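Dropping coords21.tsv in here (TSV, C-alpha atoms):
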```
chain	number	residue	atom	x	y	z
E	1	MET	CA	-77.42	-15.86	54.24
E	2	ASN	CA	-74.29	-17.93	53.55
E	3	SER	CA	-74.96	-21.66	53.90
E	4	GLY	CA	-71.87	-22.25	56.07
E	5	LEU	CA	-72.95	-19.60	58.55
E	6	ARG	CA	-76.56	-20.80	58.44
E	7	ARG	CA	-75.49	-24.35	59.28
E	8	SER	CA	-73.62	-23.11	62.33
E	9	SER	CA	-75.81	-20.31	63.63
E	10	ALA	CA	-78.49	-22.35	65.36
E	11	ASN	CA	-76.72	-22.25	68.70
E	12	LEU	CA	-75.73	-18.60	68.37
E	13	GLY	CA	-79.19	-17.50	69.40
E	14	LYS	CA	-79.28	-14.34	67.38
E	15	MET	CA	-77.54	-13.89	64.07
E	16	LEU	CA	-74.39	-11.77	64.31
E	17	LYS	CA	-74.47	-8.67	62.15
E	18	LYS	CA	-72.10	-6.00	63.45
E	19	MET	CA	-68.87	-5.92	65.43
E	20	GLN	CA	-66.23	-3.52	66.71
E	21	ALA	CA	-62.85	-3.61	64.96
E	22	TYR	CA	-59.75	-1.47	64.76
E	23	GLN	CA	-59.09	-0.30	61.21
E	24	TYR	CA	-56.53	1.93	59.50
E	25	TYR	CA	-57.05	3.82	56.27
E	26	LYS	CA	-53.69	5.52	55.87
E	27	TYR	CA	-50.19	4.71	57.00
E	28	GLY	CA	-48.92	6.26	60.21
E	29	GLY	CA	-48.73	5.75	63.95
E	30	PRO	CA	-51.27	4.39	66.47
E	31	GLU	CA	-53.28	7.60	66.04
E	32	GLU	CA	-54.36	6.24	62.64
E	33	MET	CA	-56.12	3.29	64.27
E	34	VAL	CA	-59.87	3.85	64.26
E	35	LEU	CA	-62.40	1.81	66.24
E	36	LYS	CA	-65.30	1.22	63.86
E	37	GLU	CA	-68.50	-0.74	63.73
E	38	ILE	CA	-68.33	-3.01	60.69
E	39	ASP	CA	-70.08	-6.08	59.35
E	40	VAL	CA	-69.16	-9.40	60.93
E	41	PRO	CA	-67.31	-11.38	58.22
E	42	VAL	CA	-69.18	-14.37	56.83
E	43	PRO	CA	-67.04	-17.52	56.55
E	44	GLN	CA	-66.86	-19.04	53.09
E	45	GLY	CA	-65.58	-22.45	52.05
E	46	GLU	CA	-62.81	-23.49	54.46
E	47	GLU	CA	-62.99	-20.34	56.56
E	48	VAL	CA	-63.73	-20.24	60.29
E	49	LEU	CA	-65.28	-17.33	62.19
E	50	VAL	CA	-63.71	-16.90	65.62
E	51	LYS	CA	-64.90	-14.78	68.54
E	52	VAL	CA	-61.56	-13.34	69.63
E	53	LYS	CA	-60.78	-13.80	73.31
E	54	ALA	CA	-57.15	-12.65	73.16
E	55	SER	CA	-54.61	-11.35	70.69
E	56	SER	CA	-50.96	-10.29	70.85
E	57	PHE	CA	-48.58	-7.89	69.16
E	58	ASN	CA	-45.68	-8.59	66.82
E	59	SER	CA	-43.21	-6.14	65.27
E	60	LEU	CA	-44.85	-6.75	61.89
E	61	ASP	CA	-48.07	-5.19	63.21
E	62	TRP	CA	-46.62	-1.73	63.69
E	63	ARG	CA	-44.52	-2.00	60.53
E	64	ILE	CA	-47.72	-2.65	58.57
E	65	LEU	CA	-49.44	0.24	60.34
E	66	ARG	CA	-46.63	2.61	59.36
E	67	GLY	CA	-46.05	1.11	55.94
E	68	GLU	CA	-42.33	0.83	56.63
E	69	PRO	CA	-40.02	-0.29	55.10
E	70	TRP	CA	-41.20	0.13	51.51
E	71	MET	CA	-41.49	-3.64	51.06
E	72	VAL	CA	-44.51	-3.51	53.36
E	73	ARG	CA	-46.32	-1.22	50.93
E	74	MET	CA	-45.56	-3.55	48.06
E	75	ALA	CA	-47.53	-6.23	49.92
E	76	PHE	CA	-50.23	-4.16	51.62
E	77	GLY	CA	-50.86	-1.21	49.32
E	78	TRP	CA	-48.51	1.42	47.95
E	79	ARG	CA	-50.29	4.72	48.67
E	80	LYS	CA	-52.76	3.49	51.24
E	81	PRO	CA	-53.65	0.16	52.86
E	82	ALA	CA	-55.42	-2.22	50.49
E	83	LYS	CA	-57.22	-3.82	53.45
E	84	PRO	CA	-57.93	-1.98	56.71
E	85	GLY	CA	-57.61	-4.86	59.18
E	86	LEU	CA	-54.75	-5.18	61.67
E	87	GLY	CA	-53.45	-7.96	63.92
E	88	ALA	CA	-52.49	-11.59	63.26
E	89	ASP	CA	-52.25	-13.63	66.48
E	90	LEU	CA	-55.51	-14.77	68.02
E	91	ALA	CA	-57.15	-17.21	70.39
E	92	GLY	CA	-60.87	-17.61	70.82
E	93	THR	CA	-64.05	-19.60	70.26
E	94	VAL	CA	-65.45	-20.80	66.95
E	95	VAL	CA	-68.87	-19.27	66.28
E	96	ALA	CA	-69.41	-20.25	62.63
E	97	VAL	CA	-67.77	-22.28	59.88
E	98	GLY	CA	-67.81	-22.34	56.10
E	99	GLU	CA	-69.42	-25.19	54.20
E	100	LYS	CA	-66.11	-26.96	53.50
E	101	VAL	CA	-64.71	-26.83	57.03
E	102	THR	CA	-64.00	-30.33	58.38
E	103	GLN	CA	-61.60	-29.74	61.27
E	104	PHE	CA	-63.59	-27.44	63.55
E	105	LYS	CA	-67.09	-26.95	64.90
E	106	VAL	CA	-68.93	-24.24	66.78
E	107	ASP	CA	-67.74	-23.76	70.39
E	108	ASP	CA	-64.27	-25.20	69.74
E	109	HIS	CA	-61.52	-23.27	71.49
E	110	VAL	CA	-58.81	-22.46	68.95
E	111	PHE	CA	-55.66	-20.41	68.42
E	112	GLY	CA	-53.69	-19.38	65.36
E	113	THR	CA	-53.54	-16.41	63.03
E	114	ALA	CA	-55.91	-14.28	61.01
E	115	ARG	CA	-54.79	-12.67	57.79
E	116	PHE	CA	-54.50	-9.32	59.56
E	117	GLY	CA	-57.77	-8.71	61.33
E	118	SER	CA	-57.44	-10.07	64.88
E	119	PHE	CA	-57.73	-6.65	66.54
E	120	ALA	CA	-61.50	-7.07	66.40
E	121	GLU	CA	-64.33	-8.76	68.24
E	122	TYR	CA	-64.52	-11.42	65.53
E	123	ALA	CA	-61.99	-12.63	62.97
E	124	CYS	CA	-62.35	-14.86	59.94
E	125	THR	CA	-59.47	-17.10	58.91
E	126	ASP	CA	-58.70	-20.31	57.02
E	127	GLN	CA	-59.04	-23.57	58.95
E	128	ASP	CA	-55.42	-24.48	58.14
E	129	ARG	CA	-54.26	-21.45	60.15
E	130	LEU	CA	-55.89	-22.68	63.36
E	131	LEU	CA	-55.37	-25.39	65.95
E	132	ILE	CA	-57.46	-26.62	68.88
E	133	LYS	CA	-56.43	-24.91	72.12
E	134	PRO	CA	-56.03	-27.39	74.97
E	135	GLN	CA	-57.44	-26.57	78.41
E	136	SER	CA	-53.93	-26.62	79.83
E	137	ILE	CA	-53.12	-23.17	78.41
E	138	SER	CA	-55.13	-19.96	78.71
E	139	PHE	CA	-56.45	-17.88	75.81
E	140	GLU	CA	-53.83	-15.19	76.40
E	141	GLU	CA	-51.01	-17.74	76.51
E	142	ALA	CA	-52.26	-19.29	73.28
E	143	ALA	CA	-52.52	-15.89	71.61
E	144	ALA	CA	-48.87	-15.20	72.49
E	145	LEU	CA	-47.65	-18.28	70.59
E	146	PRO	CA	-48.38	-18.33	66.83
E	147	VAL	CA	-45.97	-15.82	65.30
E	148	ALA	CA	-43.32	-15.33	68.01
E	149	CYS	CA	-42.89	-18.88	69.27
E	150	GLY	CA	-43.17	-20.32	65.76
E	151	THR	CA	-40.51	-17.93	64.47
E	152	ALA	CA	-38.17	-18.90	67.31
E	153	ILE	CA	-38.58	-22.60	66.61
E	154	ARG	CA	-38.02	-22.20	62.89
E	155	SER	CA	-34.94	-20.05	63.46
E	156	ALA	CA	-33.30	-22.30	66.04
E	157	VAL	CA	-34.23	-25.70	64.62
E	158	HIS	CA	-34.67	-25.28	60.88
E	159	TYR	CA	-32.18	-22.54	60.03
E	160	ALA	CA	-29.52	-22.82	62.76
E	161	ASN	CA	-29.92	-26.56	63.40
E	162	ILE	CA	-28.76	-26.06	66.98
E	163	GLN	CA	-27.30	-29.15	68.64
E	164	PRO	CA	-26.51	-30.03	72.28
E	165	GLY	CA	-23.25	-28.55	73.48
E	166	GLN	CA	-23.09	-25.79	70.89
E	167	LYS	CA	-22.54	-22.18	71.87
E	168	VAL	CA	-25.31	-19.84	70.76
E	169	LEU	CA	-25.48	-16.05	70.85
E	170	ILE	CA	-28.96	-14.52	71.03
E	171	ILE	CA	-29.36	-10.82	70.25
E	172	GLY	CA	-32.51	-9.29	71.73
E	173	ALA	CA	-32.91	-12.27	74.04
E	174	CYS	CA	-35.89	-10.94	76.01
E	175	GLY	CA	-38.23	-9.61	73.34
E	176	GLY	CA	-41.31	-11.23	71.86
E	177	VAL	CA	-39.40	-13.73	69.71
E	178	GLY	CA	-36.17	-13.51	71.71
E	179	SER	CA	-37.76	-14.72	74.94
E	180	TYR	CA	-38.82	-17.90	73.15
E	181	CYS	CA	-35.40	-18.25	71.48
E	182	THR	CA	-33.61	-18.13	74.82
E	183	GLN	CA	-35.82	-20.78	76.39
E	184	LEU	CA	-35.86	-23.03	73.35
E	185	VAL	CA	-32.11	-22.97	72.69
E	186	LYS	CA	-31.44	-23.78	76.34
E	187	SER	CA	-33.87	-26.72	76.12
E	188	LEU	CA	-31.93	-28.02	73.11
E	189	GLY	CA	-28.88	-28.42	75.32
E	190	ALA	CA	-26.86	-25.50	73.99
E	191	HIS	CA	-24.86	-22.94	75.95
E	192	VAL	CA	-26.79	-19.65	75.71
E	193	THR	CA	-25.20	-16.21	75.68
E	194	ALA	CA	-27.81	-13.46	75.71
E	195	VAL	CA	-27.42	-9.85	74.65
E	196	CYS	CA	-29.88	-7.33	76.11
E	197	ARG	CA	-30.09	-3.97	77.89
E	198	THR	CA	-29.47	-3.46	81.59
E	199	ALA	CA	-33.13	-3.68	82.61
E	200	ASN	CA	-33.47	-7.13	81.01
E	201	VAL	CA	-30.37	-8.85	82.41
E	202	ASP	CA	-32.22	-10.60	85.24
E	203	MET	CA	-34.99	-11.70	82.88
E	204	ALA	CA	-32.47	-13.18	80.44
E	205	LYS	CA	-31.01	-15.25	83.26
E	206	SER	CA	-34.47	-16.38	84.36
E	207	LEU	CA	-35.20	-17.53	80.80
E	208	GLY	CA	-32.16	-19.78	80.92
E	209	ALA	CA	-29.24	-17.76	79.62
E	210	ASP	CA	-25.88	-19.07	80.87
E	211	GLU	CA	-24.18	-15.76	80.24
E	212	VAL	CA	-25.52	-12.25	79.60
E	213	PHE	CA	-23.93	-9.28	77.85
E	214	ASP	CA	-25.39	-5.87	78.66
E	215	TYR	CA	-24.93	-4.08	75.35
E	216	THR	CA	-24.92	-0.68	77.08
E	217	LYS	CA	-21.72	-1.67	78.89
E	218	GLU	CA	-19.87	-4.15	76.68
E	219	ASP	CA	-19.59	-5.19	73.04
E	220	VAL	CA	-19.97	-8.93	72.52
E	221	CYS	CA	-18.31	-8.63	69.10
E	222	LYS	CA	-15.10	-7.55	70.88
E	223	SER	CA	-15.31	-10.25	73.54
E	224	GLY	CA	-13.10	-12.78	71.79
E	225	LYS	CA	-15.75	-15.46	72.24
E	226	VAL	CA	-16.66	-17.91	69.47
E	227	PHE	CA	-20.21	-19.08	68.71
E	228	ASP	CA	-21.67	-21.84	66.58
E	229	SER	CA	-24.85	-19.87	65.92
E	230	VAL	CA	-26.06	-16.29	66.21
E	231	LEU	CA	-29.80	-15.59	66.39
E	232	ASP	CA	-30.36	-11.89	65.72
E	233	ASN	CA	-33.72	-10.44	66.74
E	234	GLY	CA	-32.75	-6.81	66.34
E	235	LEU	CA	-30.28	-6.11	63.52
E	236	PHE	CA	-29.00	-3.22	65.63
E	237	ARG	CA	-25.73	-3.34	63.71
E	238	SER	CA	-24.43	-4.87	60.49
E	239	MET	CA	-24.83	-8.63	60.51
E	240	PHE	CA	-21.24	-8.91	59.29
E	241	ASP	CA	-19.99	-7.47	62.59
E	242	TYR	CA	-20.79	-10.87	64.10
E	243	LYS	CA	-18.22	-12.59	61.90
E	244	ALA	CA	-15.76	-11.60	64.64
E	245	VAL	CA	-17.41	-14.09	67.01
E	246	MET	CA	-18.61	-16.77	64.58
E	247	ASN	CA	-16.84	-20.12	64.36
E	248	PRO	CA	-14.79	-19.97	61.14
E	249	GLU	CA	-14.93	-23.76	60.83
E	250	GLY	CA	-18.72	-23.70	60.48
E	251	SER	CA	-21.41	-21.51	61.97
E	252	ASN	CA	-24.80	-19.97	61.29
E	253	TYR	CA	-26.11	-16.43	61.58
E	254	VAL	CA	-29.92	-16.23	61.42
E	255	LEU	CA	-31.57	-12.85	60.92
E	256	ILE	CA	-35.01	-12.95	62.50
E	257	GLY	CA	-36.02	-9.30	62.35
E	258	GLY	CA	-34.84	-5.76	62.67
E	259	SER	CA	-34.65	-2.25	61.30
E	260	GLY	CA	-35.80	-1.72	57.74
E	261	ASP	CA	-32.75	0.22	56.57
E	262	ARG	CA	-30.49	-2.73	57.36
E	263	PHE	CA	-32.95	-5.53	56.67
E	264	LEU	CA	-33.41	-4.87	52.96
E	265	PRO	CA	-29.68	-4.93	52.10
E	266	ALA	CA	-29.35	-8.07	54.22
E	267	LEU	CA	-31.80	-9.90	51.95
E	268	VAL	CA	-29.29	-9.54	49.14
E	269	GLN	CA	-26.07	-9.73	51.12
E	270	ALA	CA	-26.84	-12.87	53.15
E	271	PRO	CA	-26.89	-15.43	50.31
E	272	LEU	CA	-23.87	-13.84	48.64
E	273	ALA	CA	-21.83	-13.87	51.85
E	274	SER	CA	-22.63	-17.55	52.39
E	275	MET	CA	-21.53	-18.79	48.97
E	276	PHE	CA	-17.81	-19.22	49.64
E	277	SER	CA	-17.67	-19.39	53.41
E	278	LYS	CA	-18.32	-21.86	56.20
E	279	MET	CA	-20.04	-18.99	57.99
E	280	LYS	CA	-23.61	-19.10	56.71
E	281	PHE	CA	-25.92	-16.09	56.80
E	282	ARG	CA	-29.62	-16.87	56.63
E	283	ILE	CA	-32.90	-14.93	56.76
E	284	CYS	CA	-35.75	-16.53	58.70
E	285	ASN	CA	-38.92	-16.99	56.68
E	286	TYR	CA	-41.91	-18.21	58.65
E	287	GLU	CA	-45.64	-18.74	58.19
E	288	ALA	CA	-47.92	-19.98	60.97
E	289	THR	CA	-49.30	-23.13	59.34
E	290	GLN	CA	-50.89	-25.95	61.33
E	291	PRO	CA	-47.67	-28.01	61.51
E	292	GLU	CA	-45.83	-24.95	62.86
E	293	LEU	CA	-48.60	-24.25	65.37
E	294	GLN	CA	-48.36	-27.87	66.51
E	295	LYS	CA	-44.64	-27.38	67.16
E	296	CYS	CA	-45.46	-24.31	69.28
E	297	LEU	CA	-48.03	-26.23	71.27
E	298	GLY	CA	-45.67	-29.17	71.70
E	299	SER	CA	-42.94	-26.90	73.04
E	300	VAL	CA	-45.29	-25.45	75.64
E	301	GLU	CA	-46.82	-28.76	76.68
E	302	SER	CA	-43.37	-30.36	77.03
E	303	GLY	CA	-42.20	-27.49	79.23
E	304	LYS	CA	-39.49	-26.31	76.82
E	305	VAL	CA	-40.96	-22.81	76.64
E	306	LYS	CA	-43.50	-20.69	78.47
E	307	PRO	CA	-45.02	-17.49	77.09
E	308	ALA	CA	-43.39	-14.51	78.78
E	309	ILE	CA	-46.15	-11.91	78.96
E	310	CYS	CA	-44.93	-8.47	79.99
E	311	LYS	CA	-48.07	-6.35	79.60
E	312	ARG	CA	-51.79	-6.89	79.28
E	313	TYR	CA	-54.23	-4.48	77.67
E	314	LYS	CA	-57.99	-4.33	77.14
E	315	PHE	CA	-59.68	-4.15	73.74
E	316	ASN	CA	-60.26	-0.40	73.96
E	317	GLU	CA	-56.58	0.10	74.77
E	318	ILE	CA	-55.22	-1.47	71.58
E	319	PRO	CA	-53.79	1.81	70.16
E	320	ALA	CA	-51.93	2.37	73.44
E	321	ALA	CA	-50.69	-1.21	73.31
E	322	MET	CA	-49.48	-0.66	69.75
E	323	ALA	CA	-47.61	2.48	70.85
E	324	TYR	CA	-45.93	0.56	73.67
E	325	ALA	CA	-45.00	-2.36	71.42
E	326	GLU	CA	-43.52	-0.03	68.81
E	327	LYS	CA	-41.09	1.45	71.33
E	328	GLY	CA	-39.26	-1.88	71.54
E	329	HIS	CA	-37.37	-3.09	74.61
E	330	MET	CA	-40.26	-5.37	75.53
E	331	GLN	CA	-39.81	-8.10	78.11
E	332	GLY	CA	-41.68	-10.84	76.29
E	333	LYS	CA	-45.09	-10.45	74.68
E	334	VAL	CA	-47.77	-7.76	74.82
E	335	VAL	CA	-51.26	-9.26	74.83
E	336	VAL	CA	-54.81	-7.96	74.56
E	337	ASN	CA	-57.65	-9.61	76.43
E	338	MET	CA	-60.98	-8.96	74.79
```

Now that the file is in, can you turn its structure into structure tokens?
Amino acid sequence: MNSGLRRSSANLGKMLKKMQAYQYYKYGGPEEMVLKEIDVPVPQGEEVLVKVKASSFNSLDWRILRGEPWMVRMAFGWRKPAKPGLGADLAGTVVAVGEKVTQFKVDDHVFGTARFGSFAEYACTDQDRLLIKPQSISFEEAAALPVACGTAIRSAVHYANIQPGQKVLIIGACGGVGSYCTQLVKSLGAHVTAVCRTANVDMAKSLGADEVFDYTKEDVCKSGKVFDSVLDNGLFRSMFDYKAVMNPEGSNYVLIGGSGDRFLPALVQAPLASMFSKMKFRICNYEATQPELQKCLGSVESGKVKPAICKRYKFNEIPAAMAYAEKGHMQGKVVVNM
């Protein structure tokens, strides 16, 4: 038995051997997700074994499941998945630690990310991808933070550098990341204009939007308004369409996520379009490290943001939750309580 697990298993009562986990062995839809009994991972070195209490869905989860766009397959296996695990966000209780772990101990309540394997009873991850969960937030709230809230903070603060008094346009203002963007940008003292569908107009206002455009009724790019920053969570149209409403004297467009057929060209076009213009086009790149998780926690504890949870599922409903999340048009985050 691994020494790290042996050191920590005394208070587990009985040694863990098997667990239930959702796996996928070929690319496709939620029907490819299989609930299997597999070995509980054994933490090595700086790894921590967490009993998962809650997890949440991100758009990357279903893109990985489908293997789309092709860049996903470059990272996760060209013909079939190189590793069968799914899910990143998690919150739970430490049950074992590797021999080099110094930051956590058994029974600590933590949240963070697994390297795609949180849709399981137990998940193993590096200690630098976790943070202690305070009692002030629930497991499901903590599980809704790592990827979505962290991405919103990095987009608004690092890439857009939003300042008080600026005018900010948020596309997809009520989704998983968008719901955090709307709250965060408002807390930074900016004027928030949200773009969403009819069913989400009231939610956008409740999140703090000063003005809301229902994209089914009006086109913000033809509104004549001028914005200092555009945070795009959908890429529903060419990013260059937003030049019509960007401040020509200096503004930022930040692409956070969107459809694969437009996202790949944007990776090349964004830096080229920014070279000789005061309108800067940027692509958000984010990884949930401990410093980023601390920013998420700080934003919640300070009251700047609150996880907007739209649906809750049970462990055995994860494929159904994936199907719902893939449809889009979510009002906040979809979470799974184990």

Between atom CA of E:Gly150 and atom CA of E:Val230, distance in Å (one decimal):
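Interatomic distance, atom CA of E:Gly150 to atom CA of E:Val230: 17.6 Å.
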
Residue nearest E:Val192 among E:Leu65, E:Ala204, E:Val147, E:Val168 (counting all atoms listed in the file)
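For E:Val192, the nearest of the given residues is E:Val168.
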
Near stretch 300-304 of chain E, 12 Å: stretch 173-291 of chain E residue rows, closest pairs, only C-alpha atoms, as CSV:
```
residue,atom,partner,partner_atom,distance
E:Ser179,CA,E:Lys304,CA,11.9
E:Tyr180,CA,E:Lys304,CA,9.2
E:Cys181,CA,E:Lys304,CA,10.5
E:Thr182,CA,E:Lys304,CA,10.3
E:Gln183,CA,E:Lys304,CA,6.7
E:Leu184,CA,E:Lys304,CA,6.0
E:Val185,CA,E:Lys304,CA,9.1
E:Lys186,CA,E:Lys304,CA,8.5
E:Ser187,CA,E:Lys304,CA,5.7
E:Leu188,CA,E:Lys304,CA,8.6
E:Gly189,CA,E:Lys304,CA,10.9
E:Leu207,CA,E:Lys304,CA,10.6
E:Gly208,CA,E:Lys304,CA,10.6
```

E:Glu141: which residues within 12 Å, counting all atoms listed in the file, same-chain residues fewer than 3 positions away excluded, as a ChimeraX atom specification?
/E:53-56,89-92,110-112,133-138,144-146,148-149,296-297,300-301,305-310,312,332-337

Looking at E:Arg73, E:Arg115, E:Arg66, E:Lys18, which one is nearest to E:Ala88, with distances taken over all atoms listed in the file?
E:Arg115

Could you check how far atom CA of E:Ser206 sits from atom CA of E:Val226, in Å to one decimal?
23.3 Å

Report the distance between atom CA of E:Phe119 and atom CA of E:Asn285 in Å, rounded to one decimal place.
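It comes out at 23.6 Å.
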
Build an axis-aligned box that encloses every atom of stretch 295-307 of chain E listed in the file, pad it by 3 Å on each side, and report its centre and edge lengths in Å to one decimal, as AutoDock Vina command-line options.
```
--center_x -43.8 --center_y -23.9 --center_z 73.2 --size_x 14.5 --size_y 18.9 --size_z 18.1
```

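Across E:Asp202, E:Glu37, E:Asp61, E:Asp128, the tightest approach to E:Pro319 is made by E:Asp61 when counting only C-alpha atoms.
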
Measuring between all atoms listed in the file, which one of E:Tyr27, E:Trp78, E:Tyr242, E:Phe116 shows the shortest distance to E:Asn58?
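The shortest atom-to-atom distance to E:Asn58 comes from E:Phe116.
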
If we count all atoms listed in the file and set the cut-off at 7 Å, which residues sit around E:Arg282, ignoring sequence neighbours fewer than 3 positions away in its own chain? Please answer as a count of residues only.
4

Best match for closeness to E:Met239 among E:Ala152, E:Met279, E:Ile162, E:Val212, counting only C-alpha atoms
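Using only C-alpha atoms, E:Met239 sits closest to E:Met279.
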
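The protein and nucleic acid residues lying at most 10 Å from E:Ser223 are E:Phe213, E:Glu218, E:Asp219, E:Val220, E:Cys221, E:Lys225, E:Val226, E:Ala244, E:Val245, with all atoms listed in the file considered and sequence neighbours fewer than 2 positions away removed.
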
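Shortest atom-to-atom contact with E:Lys167 among E:Asp241, E:Met246, E:Thr198, E:Thr93: E:Met246, counting only C-alpha atoms.
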
Shell of 10 Å around E:Gly250, all atoms listed in the file, local chain residues under 4 positions omitted, as a CSV table (one decimal) with C-alpha atoms, in the frame of the given file:
```
chain,number,residue,atom,x,y,z
E,227,PHE,CA,-20.2,-19.1,68.7
E,228,ASP,CA,-21.7,-21.8,66.6
E,229,SER,CA,-24.8,-19.9,65.9
E,246,MET,CA,-18.6,-16.8,64.6
E,277,SER,CA,-17.7,-19.4,53.4
E,278,LYS,CA,-18.3,-21.9,56.2
E,279,MET,CA,-20.0,-19.0,58.0
E,280,LYS,CA,-23.6,-19.1,56.7
```

Pick out the residues sitting within 9 Å of E:Val34, and hand them over as a ChimeraX atom specification; count only C-alpha atoms, and ignore anything fewer than 2 positions along from it in its own chain.
/E:21-25,30-32,36,319

Can I get the selection written as a PDB file, keeping the file's coordinate frame, with C-alpha atoms?
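The result, written out as part-v5.pdb:
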```pdb
ATOM      1  CA  ALA E  21     -62.850  -3.610  64.960  1.00  0.00           C
ATOM      2  CA  TYR E  22     -59.750  -1.470  64.760  1.00  0.00           C
ATOM      3  CA  GLN E  23     -59.090  -0.300  61.210  1.00  0.00           C
ATOM      4  CA  TYR E  24     -56.530   1.930  59.500  1.00  0.00           C
ATOM      5  CA  TYR E  25     -57.050   3.820  56.270  1.00  0.00           C
ATOM      6  CA  PRO E  30     -51.270   4.390  66.470  1.00  0.00           C
ATOM      7  CA  GLU E  31     -53.280   7.600  66.040  1.00  0.00           C
ATOM      8  CA  GLU E  32     -54.360   6.240  62.640  1.00  0.00           C
ATOM      9  CA  LYS E  36     -65.300   1.220  63.860  1.00  0.00           C
ATOM     10  CA  PRO E 319     -53.790   1.810  70.160  1.00  0.00           C
TER      11      PRO E 319
END
```

With 6 Å as the threshold, what does the neighbourhood of (-27.3, -3.4, 58.1) contain in terms of residues, counting only C-alpha atoms? Coordinates are those of the file; answer as an NGL selection string.
:E and (237-238 or 262)

Expected file: the selected residues, C-alpha atoms, as an mmCIF file, keeping the file's coordinate frame:
```
data_model
loop_
_atom_site.group_PDB
_atom_site.id
_atom_site.type_symbol
_atom_site.label_atom_id
_atom_site.label_comp_id
_atom_site.auth_asym_id
_atom_site.auth_seq_id
_atom_site.Cartn_x
_atom_site.Cartn_y
_atom_site.Cartn_z
ATOM 1 C CA ARG E 237 -25.730 -3.340 63.710
ATOM 2 C CA SER E 238 -24.430 -4.870 60.490
ATOM 3 C CA ARG E 262 -30.490 -2.730 57.360
#
```
